[in-house]
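A short worksheet on the structure shown next.
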Amino acid sequence: MTAPSLMGMAHDERADLADFLTTLRPQDWDAPSLCSRWTVKDVVAHVISYEELGTLGLLKRFAKGWVVRANQVGVDEFAPLTAQQLLAFLGDHLQPRGLTAGFGGMIALVDGTIHHQDIRRSLGRPRTVPAGRLERVLGLVPGNPRLGAGRRIRGLQLRATDIDWAHGSGSEVAGPGEALLMAMSGRRAALADLSGPGCATLGARMPE
C-alpha cells in the first residue's frame with residue numbers, strides 16, 4: 001500500500017484541527033496557547049495566514065515584519081476576523097497552498113501538527129496523533145532550521161515509548177512521541193511527560 005504523501009497528511013491534520021475547533025467554547029478562543037503571547041485564536045490565524053499570499057504578498061509581509069516578525073504581521077492582519085470566520089477560512093483551505101505547500105506540504109504538516117498541539121495542550125484537551133503521521137513529522141523536525149531543534153537535541157538520544165522512533169545518540173530522553181515533538185520544538189510544557197538523564201540538558205536549552 002502506498003504511504004500517504006506529505007500533502008495528504010497535511011490535509012488530514014488540518015481537517016482534524018478544524019473538527020476540533022468546532023468543539024471550542026467562545027472563551028477557549030481567547031485562552032493562552034503554548035506560543036508565547038498568542039491566544040488560541042492567534043495560533044489559528046497563524047496557521048492559515050500565509051495561504052493566499054503570492055510571491056509579492058510574501059515579500060511585502062517579510063519587509064513589513066523584518067522577516068523575524070512576519071508571523072506576527074500575519075496574525076495581526078487576521079485579527080479582525082471572528083473565530084467562526086477563521087474556522088470557515090480554514091475549512092476552505094484544508095489543502096495547503098502558497099508558502100505552506102512548500103516542500104511537498106512539509107511546512108503545513110510540521111507547523112500544523114505542532115500548532116494543533118499548542119492549542120490542545122493549553123486547553124487540557126489531549127489527543128492521540130495518528131502514529132504514521134507522528135512518525136513522519138518527528139523525522140522532519142531535527143533538521144528543520146526554523147524550529148531550532150538541532151541545537152536543543154545535540155548530544156542527546158531521543159526515544160519514543162509509544163511508536164517506533166528514535167533519533168541521535170548520547171544521554172537519553174524518552175517518552176511519548178508527541179511530547180518529544182513538542183520538546184524538540186521548544187515547548188517547555190512537554191518536559192513533564194519525558195524522562196531520562198538527558199531531560200535536564202534539553203530543558204536548559206529551552207526558552208524560559
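Going by the C-alpha cells order, chains are called A, B, ..., each with residues numbered from 1, while ligands are numbered from 1 in the order shown.
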
Quiz prompt | Test item, strand (DSSP E) assignment across segment 99-169 of chain A, answer as an MDAnalysis selection string | solution = chainID A and resid 156:160 166:168

Next, dump the selected residues to file, keeping only all heavy atoms, as an mmCIF file, in the first residue's frame.
data_model
loop_
_atom_site.group_PDB
_atom_site.id
_atom_site.type_symbol
_atom_site.label_atom_id
_atom_site.label_comp_id
_atom_site.auth_asym_id
_atom_site.auth_seq_id
_atom_site.Cartn_x
_atom_site.Cartn_y
_atom_site.Cartn_z
ATOM 1 N N LEU A 156 22.067 14.307 22.411
ATOM 2 C CA LEU A 156 21.031 13.572 23.140
ATOM 3 C C LEU A 156 20.456 12.467 22.266
ATOM 4 O O LEU A 156 20.433 12.582 21.034
ATOM 5 C CB LEU A 156 19.900 14.512 23.567
ATOM 6 C CG LEU A 156 20.264 15.672 24.481
ATOM 7 C CD1 LEU A 156 19.053 16.563 24.705
ATOM 8 C CD2 LEU A 156 20.830 15.175 25.809
ATOM 9 N N GLN A 157 19.984 11.420 22.912
ATOM 10 C CA GLN A 157 19.251 10.375 22.203
ATOM 11 C C GLN A 157 17.787 10.477 22.578
ATOM 12 O O GLN A 157 17.439 10.353 23.766
ATOM 13 C CB GLN A 157 19.771 8.983 22.559
ATOM 14 C CG GLN A 157 19.022 7.872 21.804
ATOM 15 C CD GLN A 157 19.431 6.482 22.226
ATOM 16 O OE1 GLN A 157 19.412 6.165 23.413
ATOM 17 N NE2 GLN A 157 19.815 5.656 21.269
ATOM 18 N N LEU A 158 16.942 10.696 21.604
ATOM 19 C CA LEU A 158 15.501 10.768 21.833
ATOM 20 C C LEU A 158 14.881 9.427 21.461
ATOM 21 O O LEU A 158 15.171 8.879 20.390
ATOM 22 C CB LEU A 158 14.884 11.882 20.998
ATOM 23 C CG LEU A 158 14.937 13.298 21.578
ATOM 24 C CD1 LEU A 158 16.373 13.732 21.836
ATOM 25 C CD2 LEU A 158 14.259 14.292 20.625
ATOM 26 N N ARG A 159 14.019 8.918 22.334
ATOM 27 C CA ARG A 159 13.393 7.615 22.084
ATOM 28 C C ARG A 159 11.916 7.675 22.443
ATOM 29 O O ARG A 159 11.551 7.977 23.580
ATOM 30 C CB ARG A 159 14.081 6.514 22.893
ATOM 31 C CG ARG A 159 13.472 5.121 22.675
ATOM 32 C CD ARG A 159 14.220 4.066 23.466
ATOM 33 N NE ARG A 159 14.170 4.321 24.914
ATOM 34 C CZ ARG A 159 13.152 3.943 25.694
ATOM 35 N NH1 ARG A 159 12.096 3.334 25.168
ATOM 36 N NH2 ARG A 159 13.195 4.190 26.998
ATOM 37 N N ALA A 160 11.086 7.402 21.457
ATOM 38 C CA ALA A 160 9.643 7.371 21.697
ATOM 39 C C ALA A 160 9.259 6.049 22.340
ATOM 40 O O ALA A 160 9.772 4.988 21.964
ATOM 41 C CB ALA A 160 8.885 7.556 20.388
ATOM 42 N N ALA A 166 13.317 6.765 17.046
ATOM 43 C CA ALA A 166 14.423 7.202 17.891
ATOM 44 C C ALA A 166 15.344 8.060 17.040
ATOM 45 O O ALA A 166 15.381 7.953 15.803
ATOM 46 C CB ALA A 166 15.187 6.014 18.459
ATOM 47 N N HIS A 167 16.095 8.925 17.711
ATOM 48 C CA HIS A 167 17.000 9.823 16.979
ATOM 49 C C HIS A 167 18.184 10.192 17.858
ATOM 50 O O HIS A 167 18.026 10.469 19.054
ATOM 51 C CB HIS A 167 16.258 11.103 16.569
ATOM 52 C CG HIS A 167 17.155 12.099 15.885
ATOM 53 N ND1 HIS A 167 17.418 12.054 14.539
ATOM 54 C CD2 HIS A 167 17.853 13.162 16.376
ATOM 55 C CE1 HIS A 167 18.233 13.045 14.226
ATOM 56 N NE2 HIS A 167 18.518 13.726 15.316
ATOM 57 N N GLY A 168 19.373 10.208 17.251
ATOM 58 C CA GLY A 168 20.552 10.718 17.919
ATOM 59 C C GLY A 168 21.226 9.719 18.831
ATOM 60 O O GLY A 168 20.848 8.549 18.920
#

Enumerate, in order of chain and increasing residue number, the residues of segment 144-196 of chain A with an atom no farther than 9 Å from segment 121-134 of chain A, each with its shortest atom pair and distance in Å to one decimal, counting only C-alpha atoms, as JSON lines.
{"residue": "A:Asp162", "atom": "CA", "partner": "A:Ala131", "partner_atom": "CA", "distance": 8.7}
{"residue": "A:Ile163", "atom": "CA", "partner": "A:Ala131", "partner_atom": "CA", "distance": 6.7}
{"residue": "A:Gly177", "atom": "CA", "partner": "A:Leu134", "partner_atom": "CA", "distance": 7.1}
{"residue": "A:Glu178", "atom": "CA", "partner": "A:Leu134", "partner_atom": "CA", "distance": 7.2}
{"residue": "A:Leu181", "atom": "CA", "partner": "A:Leu134", "partner_atom": "CA", "distance": 8.4}
{"residue": "A:Ala189", "atom": "CA", "partner": "A:Arg121", "partner_atom": "CA", "distance": 8.4}
{"residue": "A:Ala190", "atom": "CA", "partner": "A:Arg121", "partner_atom": "CA", "distance": 8.9}

Take the residues that were just selected and, keeping N, CA and C atoms, output them as an mmCIF file, in the first residue's frame.
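Final output, result-v8.cif:
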data_model
loop_
_atom_site.group_PDB
_atom_site.id
_atom_site.type_symbol
_atom_site.label_atom_id
_atom_site.label_comp_id
_atom_site.auth_asym_id
_atom_site.auth_seq_id
_atom_site.Cartn_x
_atom_site.Cartn_y
_atom_site.Cartn_z
ATOM 1 N N ASP A 162 5.973 5.071 22.606
ATOM 2 C CA ASP A 162 4.667 4.625 22.113
ATOM 3 C C ASP A 162 4.659 4.307 20.630
ATOM 4 N N ILE A 163 5.693 4.724 19.908
ATOM 5 C CA ILE A 163 5.823 4.414 18.489
ATOM 6 C C ILE A 163 7.278 4.038 18.219
ATOM 7 N N GLY A 177 5.853 10.049 21.710
ATOM 8 C CA GLY A 177 6.340 10.760 20.532
ATOM 9 C C GLY A 177 5.844 12.188 20.458
ATOM 10 N N GLU A 178 4.614 12.415 20.846
ATOM 11 C CA GLU A 178 4.061 13.775 20.799
ATOM 12 C C GLU A 178 4.823 14.698 21.725
ATOM 13 N N LEU A 181 8.137 15.562 20.187
ATOM 14 C CA LEU A 181 7.928 16.550 19.137
ATOM 15 C C LEU A 181 7.833 17.952 19.722
ATOM 16 N N ALA A 189 6.461 22.873 28.339
ATOM 17 C CA ALA A 189 5.388 22.110 28.988
ATOM 18 C C ALA A 189 5.498 20.615 28.714
ATOM 19 N N ALA A 190 6.137 20.244 27.603
ATOM 20 C CA ALA A 190 6.235 18.825 27.251
ATOM 21 C C ALA A 190 7.242 18.077 28.098
#

Quiz item: Quick one: of A:Leu53, A:Met206, A:Ala174, A:Val75, who's nearest to Leu194 of chain A, counting only C-alpha atoms?
Solution: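 Looking at the shortest contact to Leu194 of chain A, the residue is A:Ala174.
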
Quiz item: Quick one: of A:Gly175, A:Ala192, A:Arg205, A:Asp28, who's nearest to Gly150 of chain A, counting only C-alpha atoms?
Solution: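 So, comparing all the options, the nearest one is A:Arg205.
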
Exercise. Considering only C-alpha atoms, return as number ranges by chain whatever protein or nucleic-acid residues lie within 9 Å of Gly203 of chain A, sequence-local ones (same chain, fewer than 4 positions apart) excluded.
Key: A: 152, 183, 186, 188, 191, 198-199, 207

Generate the output file for the selected residues, N, CA and C atoms, as a short mmCIF file (atom, residue, chain, number, x, y, z; two decimals), in the first residue's frame.
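Wrote it out as selection07.cif, contents follow:
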data_model
loop_
_atom_site.label_atom_id
_atom_site.label_comp_id
_atom_site.auth_asym_id
_atom_site.auth_seq_id
_atom_site.Cartn_x
_atom_site.Cartn_y
_atom_site.Cartn_z
N ARG A 152 18.83 22.13 20.25
CA ARG A 152 18.28 21.64 21.52
C ARG A 152 18.63 20.18 21.79
N ALA A 183 8.79 19.03 22.69
CA ALA A 183 10.02 19.43 23.38
C ALA A 183 11.08 19.85 22.36
N GLY A 186 10.68 23.31 21.33
CA GLY A 186 10.90 24.34 22.33
C GLY A 186 9.77 24.56 23.30
N ARG A 188 8.35 23.96 26.62
CA ARG A 188 8.79 23.50 27.93
C ARG A 188 7.73 22.63 28.61
N LEU A 191 8.14 18.79 28.78
CA LEU A 191 9.17 18.12 29.58
C LEU A 191 8.57 17.26 30.68
N GLY A 198 18.90 12.86 29.98
CA GLY A 198 19.10 13.99 29.09
C GLY A 198 18.07 15.09 29.24
N CYS A 199 17.07 14.88 30.08
CA CYS A 199 15.99 15.87 30.21
C CYS A 199 16.49 17.21 30.73
N PRO A 207 13.77 28.12 25.92
CA PRO A 207 13.49 29.45 26.47
C PRO A 207 12.65 29.34 27.74
#

Quiz item: Hey, what's within 12 Å of Val43 of chain A if we count only C-alpha atoms and toss same-chain stuff fewer than 3 positions away? As a ChimeraX atom specification, please?
Solution: /A:17,21,29-40,46-49,71-72,74-76,78-79,83,86-87,111-120,122

Counting only C-alpha atoms, what is within 9 Å of Ala108 of chain A, bar same-chain residues fewer than 4 positions away, as an mmCIF file with N, CA and C atoms, in the first residue's frame?
data_model
loop_
_atom_site.group_PDB
_atom_site.id
_atom_site.type_symbol
_atom_site.label_atom_id
_atom_site.label_comp_id
_atom_site.auth_asym_id
_atom_site.auth_seq_id
_atom_site.Cartn_x
_atom_site.Cartn_y
_atom_site.Cartn_z
ATOM 1 N N LEU A 6 3.133 13.757 2.021
ATOM 2 C CA LEU A 6 3.184 14.853 2.984
ATOM 3 C C LEU A 6 1.975 15.767 2.823
ATOM 4 N N MET A 7 1.615 16.036 1.576
ATOM 5 C CA MET A 7 0.473 16.910 1.332
ATOM 6 C C MET A 7 -0.817 16.277 1.842
ATOM 7 N N ALA A 10 -0.811 16.584 5.547
ATOM 8 C CA ALA A 10 -1.069 17.974 5.938
ATOM 9 C C ALA A 10 -2.554 18.288 5.848
ATOM 10 N N HIS A 11 -3.191 17.806 4.804
ATOM 11 C CA HIS A 11 -4.641 17.984 4.647
ATOM 12 C C HIS A 11 -5.383 17.329 5.805
ATOM 13 N N GLU A 13 -4.282 16.586 8.773
ATOM 14 C CA GLU A 13 -4.011 17.277 10.033
ATOM 15 C C GLU A 13 -4.873 18.533 10.158
ATOM 16 N N ARG A 14 -4.997 19.269 9.067
ATOM 17 C CA ARG A 14 -5.844 20.462 9.095
ATOM 18 C C ARG A 14 -7.309 20.088 9.296
ATOM 19 N N VAL A 47 -1.779 29.733 11.480
ATOM 20 C CA VAL A 47 -1.777 28.518 10.662
ATOM 21 C C VAL A 47 -2.240 28.807 9.239
ATOM 22 N N PRO A 96 -3.253 22.627 1.665
ATOM 23 C CA PRO A 96 -2.304 23.740 1.749
ATOM 24 C C PRO A 96 -1.997 24.322 0.382
ATOM 25 N N ARG A 97 -1.756 25.605 0.381
ATOM 26 C CA ARG A 97 -1.376 26.296 -0.852
ATOM 27 C C ARG A 97 -0.396 27.411 -0.482
ATOM 28 N N LEU A 99 2.836 29.396 0.531
ATOM 29 C CA LEU A 99 4.050 29.072 1.278
ATOM 30 C C LEU A 99 3.929 27.763 2.036
ATOM 31 N N THR A 100 2.782 27.498 2.638
ATOM 32 C CA THR A 100 2.654 26.299 3.472
ATOM 33 C C THR A 100 2.674 25.004 2.657
ATOM 34 N N ALA A 101 2.472 25.129 1.347
ATOM 35 C CA ALA A 101 2.540 23.951 0.480
ATOM 36 C C ALA A 101 3.973 23.617 0.101
ATOM 37 N N GLY A 102 4.927 24.432 0.569
ATOM 38 C CA GLY A 102 6.328 24.233 0.228
ATOM 39 C C GLY A 102 6.859 22.877 0.631
ATOM 40 N N GLY A 112 1.510 22.641 11.216
ATOM 41 C CA GLY A 112 0.134 22.357 11.597
ATOM 42 C C GLY A 112 0.033 21.399 12.762
ATOM 43 N N THR A 113 0.868 20.367 12.775
ATOM 44 C CA THR A 113 0.833 19.397 13.863
ATOM 45 C C THR A 113 1.287 20.028 15.176
#

Exercise. Identify which of the residues A:Glu52, A:Glu208, A:Glu172, A:Glu135 lies closest to Ser195 of chain A, counting only C-alpha atoms when measuring atom-to-atom distances.
Key: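 Of A:Glu52, A:Glu208, A:Glu172, A:Glu135, the one nearest Ser195 of chain A, counting only C-alpha atoms, is A:Glu172.
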
Exercise. State, in Å with one decimal place, the distance from atom CA of Met182 of chain A to atom CA of Val110 of chain A.
Key: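 Computing the Euclidean distance for atom CA of Met182 of chain A and atom CA of Val110 of chain A yields 10.9 Å.
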
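One distance worth recording is that between atom CA of Met184 of chain A and atom CA of Ala149 of chain A, which is 5.0 Å.
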
Quiz item: Quick one, how far is atom CA of Gly155 of chain A from atom CA of Gly143 of chain A?
Solution: 14.0 Å

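With only C-alpha atoms as the basis for measurement, A:Val73 is the residue among A:Met106, A:Leu24, A:Val73, A:Leu202 that approaches Asp42 of chain A most closely.
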
Practice problem: Going by DSSP on the backbone, which bits of segment 56-164 of chain A are alpha helix (DSSP H)? Write them as an NGL selection string, please. | Solution: :A and (56-65 or 70-78 or 83-91 or 102-123 or 131-140 or 149-153)
